[in-house]
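Single-structure report; data block below.
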Amino acid sequence: MSPETRKRIIIRNALLINEETRRHADVIIEGDTIAGILPSGGAEAGPDEDIIDAAGLWLLPGVIDDHVHFREPGLTHKGDIATESAAAAAGGVTSFMEMPNTSPQTVTLEEWHKKNLLAADKSVINYSFYLGGTDSNISELLSADPSLVPAIKLFMGASTGNMLVSREEALDAIFSIKTLPVACHCEDEQIIRANIAAYREKYGEEIDPSFHPLIRSREACIISSSAAIARALRAGTRLHLLHLSTAEETALLTPGPDPTAKQIIGEACVHHLWFDDSAYKDKGNLVKWNPPIREAADRKALIEGVRDGLIDIIATDHAPHTLEEKSAPYFRAPSGGPTVQHSLVMMLELCHRGEFTPELVVRKMCHNPALIFGIADRGFIREGYRADMVLVDPDSSWTVKKENILYKCGWSPLEGTTFRSRVITTVVNGIKVLEKGRLTGRRAPEMLRFKR
């Protein structure tokens with residue numbers, strides 16, 4: 001859809017939460033661009049314009065989720081780009097960065113190009129795709145265009161097919177690349193394998209999911225994250241530590257008001273900020289993630305790390321599996337769960353509880369991903385930027401039920417949870433892809449561009 005066919009949109013009387021401030025404002029959208037930001041009542045409207053009365057609503061930049069698994073190609077019985085991007089749009093997410101462990105894995109530029117073609121055809125929101133590192137694909141990584149690839153995804157000690165990089169010379173080569181940051185999943189495989197053998201010997205196959213954080217132990221994460229940091233510091237590599245789960249890993253990070261000045265970036269995922277290990281009792285494998293949700297003290301440390309500037313980005317690690325797959329015994333049940341439809345309201349619920357402020361949530365979910373990855377003209381509500389934004393009703397309670405879950409897998413670990421905030425409208429490149437809580441069927445996605 002070309003910009004010429006889009007009506008001029010005026011959002012009136014919203015409470016704009018953006019760049020650490022709150023103010024009532026009118027926002028004008030022309031084509032795919034934010035054309036003006038005026039005091040409430042300051043925008044003049046003509047007869048053919050699309051007026052959104054946002055009185056009582058919050059207007060936020062669209063969420064940029066730097067960590068999702070949308071399962072296409074090859075795993076589309078779990079989810080696909082069309083279904084999961086639609087669920088994301090319903091949750092206020094306007095851009096995603098997708099991980100490479102699909103089938104086939106995205107470890108060549110040929111497969112990376114194929115994914116971009118799929119997203120251009122199917123995605124509801126803006127898209128980009130990581131390139132995965134292996135022991136043998138350094139030439140592919142060196143050939144990647146840094147303006148189009150967000151980062152190299154590296155599994156350090158967490159085996160995913162051939163994506164476990166263990167050869168020292170391969171690690172040295174990947175960490176020597178200066179054109180792209182390296183994003184690491186850090187769990188030490190040797191420790192995990194030893195723990196699996198010990199628990200199997202003691203309990204057999206019928207093991208309770210509550211042992212998951214002991215099998216994939218905190219030591220496995222701390223040792224691997226510490227090694228990744230040490231290697232990055234030696235090589236001068238920009239490192240993104242993905243889905244931190246322990247207090248000890250959080251303590252490895254350094255605070256700072258400017259995330260672009262940091263060499264080591266910390267990411268927390270919404271499930272680690274929401275759940276602790278008490279959830280295994282009722283939810284079992286439904287809350288089985290790698291790395292695991294852990295003790296209440298770890299959750300508290302992660303929340304404090306977000307507040308104190310140690311952790312720079314909040315993402316989802318959205319990773320759907322079918323309910324049948326998750327219902328298998330522990331050792332056969334895959335890790336991961338769907339969260340992208342609910343990530344923003346989860347964080348706003350923590351604002352209601354006094355753990356975060358809306359300004360902080362916007363910084364970690366919208367501003368910082370744009371700044372850290374160098375995403376051009378997104379992540380903020382500014383004149384001249386792309387019109388990616390979300391209207392939220394902060395006081396409209398609703399409950400997660402099967403009938404309002406949009407994930408292809410059809411379930412959520414949050415079923416039965418009541419949230420006090422609701423996503424009302426999502427705008428992507430000037431197109432209302434969600435209006436009054438319903439998907440419109442319209443779409444105008446773009447590939448993300450990165451300034452480095």
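Letters for chains follow the order of the structure tokens (A, B, ...), residue numbers begin at 1 for each chain, and ligand numbers begin at 1 in the order shown.
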
Got a sec to tell me which of segment 193-348 of chain A DSSP assigns to strand (DSSP E or B), as an NGL selection string?
:A and (239-241 or 264-269 or 313-315 or 318)

Limited to N, CA and C atoms, could you put the picked residues into a file as a compact mmCIF listing (two decimals), in the first residue's frame?
```txt
# COMPACT_ATOMS: atom_id res chain seq x y z
N LEU A 239 28.65 -6.83 22.54
CA LEU A 239 28.02 -8.08 22.97
C LEU A 239 26.65 -7.81 23.54
N HIS A 240 25.66 -8.59 23.09
CA HIS A 240 24.32 -8.57 23.66
C HIS A 240 24.11 -9.87 24.42
N LEU A 241 23.95 -9.77 25.73
CA LEU A 241 23.65 -10.96 26.54
C LEU A 241 22.13 -11.13 26.58
N ILE A 264 28.80 -3.93 26.52
CA ILE A 264 28.04 -5.12 26.93
C ILE A 264 26.61 -4.70 27.22
N ILE A 265 25.68 -5.26 26.46
CA ILE A 265 24.25 -4.94 26.59
C ILE A 265 23.55 -6.11 27.27
N GLY A 266 22.69 -5.80 28.25
CA GLY A 266 21.92 -6.83 28.94
C GLY A 266 20.45 -6.80 28.55
N GLU A 267 19.90 -7.97 28.29
CA GLU A 267 18.48 -8.11 27.94
C GLU A 267 17.79 -8.97 28.99
N ALA A 268 16.61 -8.53 29.41
CA ALA A 268 15.72 -9.35 30.25
C ALA A 268 14.46 -9.63 29.46
N CYS A 269 13.91 -10.82 29.66
CA CYS A 269 12.67 -11.19 28.98
C CYS A 269 11.50 -11.11 29.96
N ILE A 313 17.44 -3.69 27.73
CA ILE A 313 16.33 -4.02 26.83
C ILE A 313 15.42 -5.04 27.50
N ILE A 314 14.11 -4.86 27.32
CA ILE A 314 13.12 -5.87 27.70
C ILE A 314 12.54 -6.43 26.41
N ALA A 315 12.61 -7.76 26.28
CA ALA A 315 12.12 -8.45 25.08
C ALA A 315 11.26 -9.63 25.50
N HIS A 318 9.76 -14.80 22.51
CA HIS A 318 8.53 -15.47 22.11
C HIS A 318 8.88 -16.73 21.33
```

Write out as a PyMOL selection string the residues lying within 9 Å of Pro39 of chain A, counting only C-alpha atoms and excluding same-chain residues fewer than 2 positions away.
chain A and resi 13+23-27+37+41-43

Got a sec: who's within 9 Å of Trp398 of chain A, counting only C-alpha atoms, leaving out chain neighbours fewer than 2 positions off, as number ranges by chain?
A: 396, 400, 417-422

Same residues, N, CA and C atoms, saved as a tab-separated table (two decimals), in the first residue's frame:
```tsv
chain	number	residue	atom	x	y	z
A	396	SER	N	-8.54	-0.43	31.72
A	396	SER	CA	-9.56	-1.25	31.07
A	396	SER	C	-9.22	-2.71	31.31
A	400	VAL	N	-7.07	-12.89	30.11
A	400	VAL	CA	-6.57	-13.74	29.03
A	400	VAL	C	-7.36	-15.05	29.02
A	417	THR	N	-5.16	-14.83	33.72
A	417	THR	CA	-4.59	-13.61	34.29
A	417	THR	C	-5.42	-12.40	33.86
A	418	THR	N	-5.72	-11.53	34.79
A	418	THR	CA	-6.44	-10.29	34.49
A	418	THR	C	-5.47	-9.12	34.48
A	419	PHE	N	-5.47	-8.38	33.40
A	419	PHE	CA	-4.64	-7.20	33.24
A	419	PHE	C	-5.49	-5.95	33.36
A	420	ARG	N	-4.89	-4.90	33.88
A	420	ARG	CA	-5.62	-3.64	34.06
A	420	ARG	C	-5.42	-2.68	32.90
A	421	SER	N	-4.56	-2.99	31.96
A	421	SER	CA	-4.34	-2.15	30.79
A	421	SER	C	-4.66	-2.95	29.53
A	422	ARG	N	-5.05	-2.26	28.48
A	422	ARG	CA	-5.47	-2.92	27.24
A	422	ARG	C	-4.92	-2.15	26.05
```

Counting only C-alpha atoms, the option among A:Ile9, A:Ala55, A:Ile303, A:Leu60 closest to Ile28 of chain A:
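That would be A:Ile9, the residue with the smallest distance to Ile28 of chain A.
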
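Atom pair atom CA of Asn404 of chain A / atom CA of Gly416 of chain A has a distance of 11.3 Å (rounded to one decimal).
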
Which residue gives the smallest distance to Ile375 of chain A among A:Lys78, A:His342, A:Arg449, A:Arg6, with only C-alpha atoms counted?
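Closest residue, counting only C-alpha atoms: A:Arg449.
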
Near Lys122 of chain A, within 7 Å and counting only C-alpha atoms, which residues show up once chain neighbours fewer than 3 positions away are dropped, as an MDAnalysis selection string?
chainID A and resid 81:82 118:119

A:Asp395, A:Asp298, A:Glu189, A:Asp145: which is nearest Val165 of chain A, counting only C-alpha atoms?
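The answer is A:Glu189, which sits nearest to Val165 of chain A.
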
When you count only C-alpha atoms, which of these residues is closest to Tyr385 of chain A: A:Lys202, A:Ala333, A:Ala370, A:Pro100?
A:Ala370

Option closest in space to Tyr199 of chain A, from A:Phe356, A:Trp274, A:Phe211, A:Tyr407 [counting only C-alpha atoms]
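Among the listed residues, A:Phe211 lies closest to Tyr199 of chain A.
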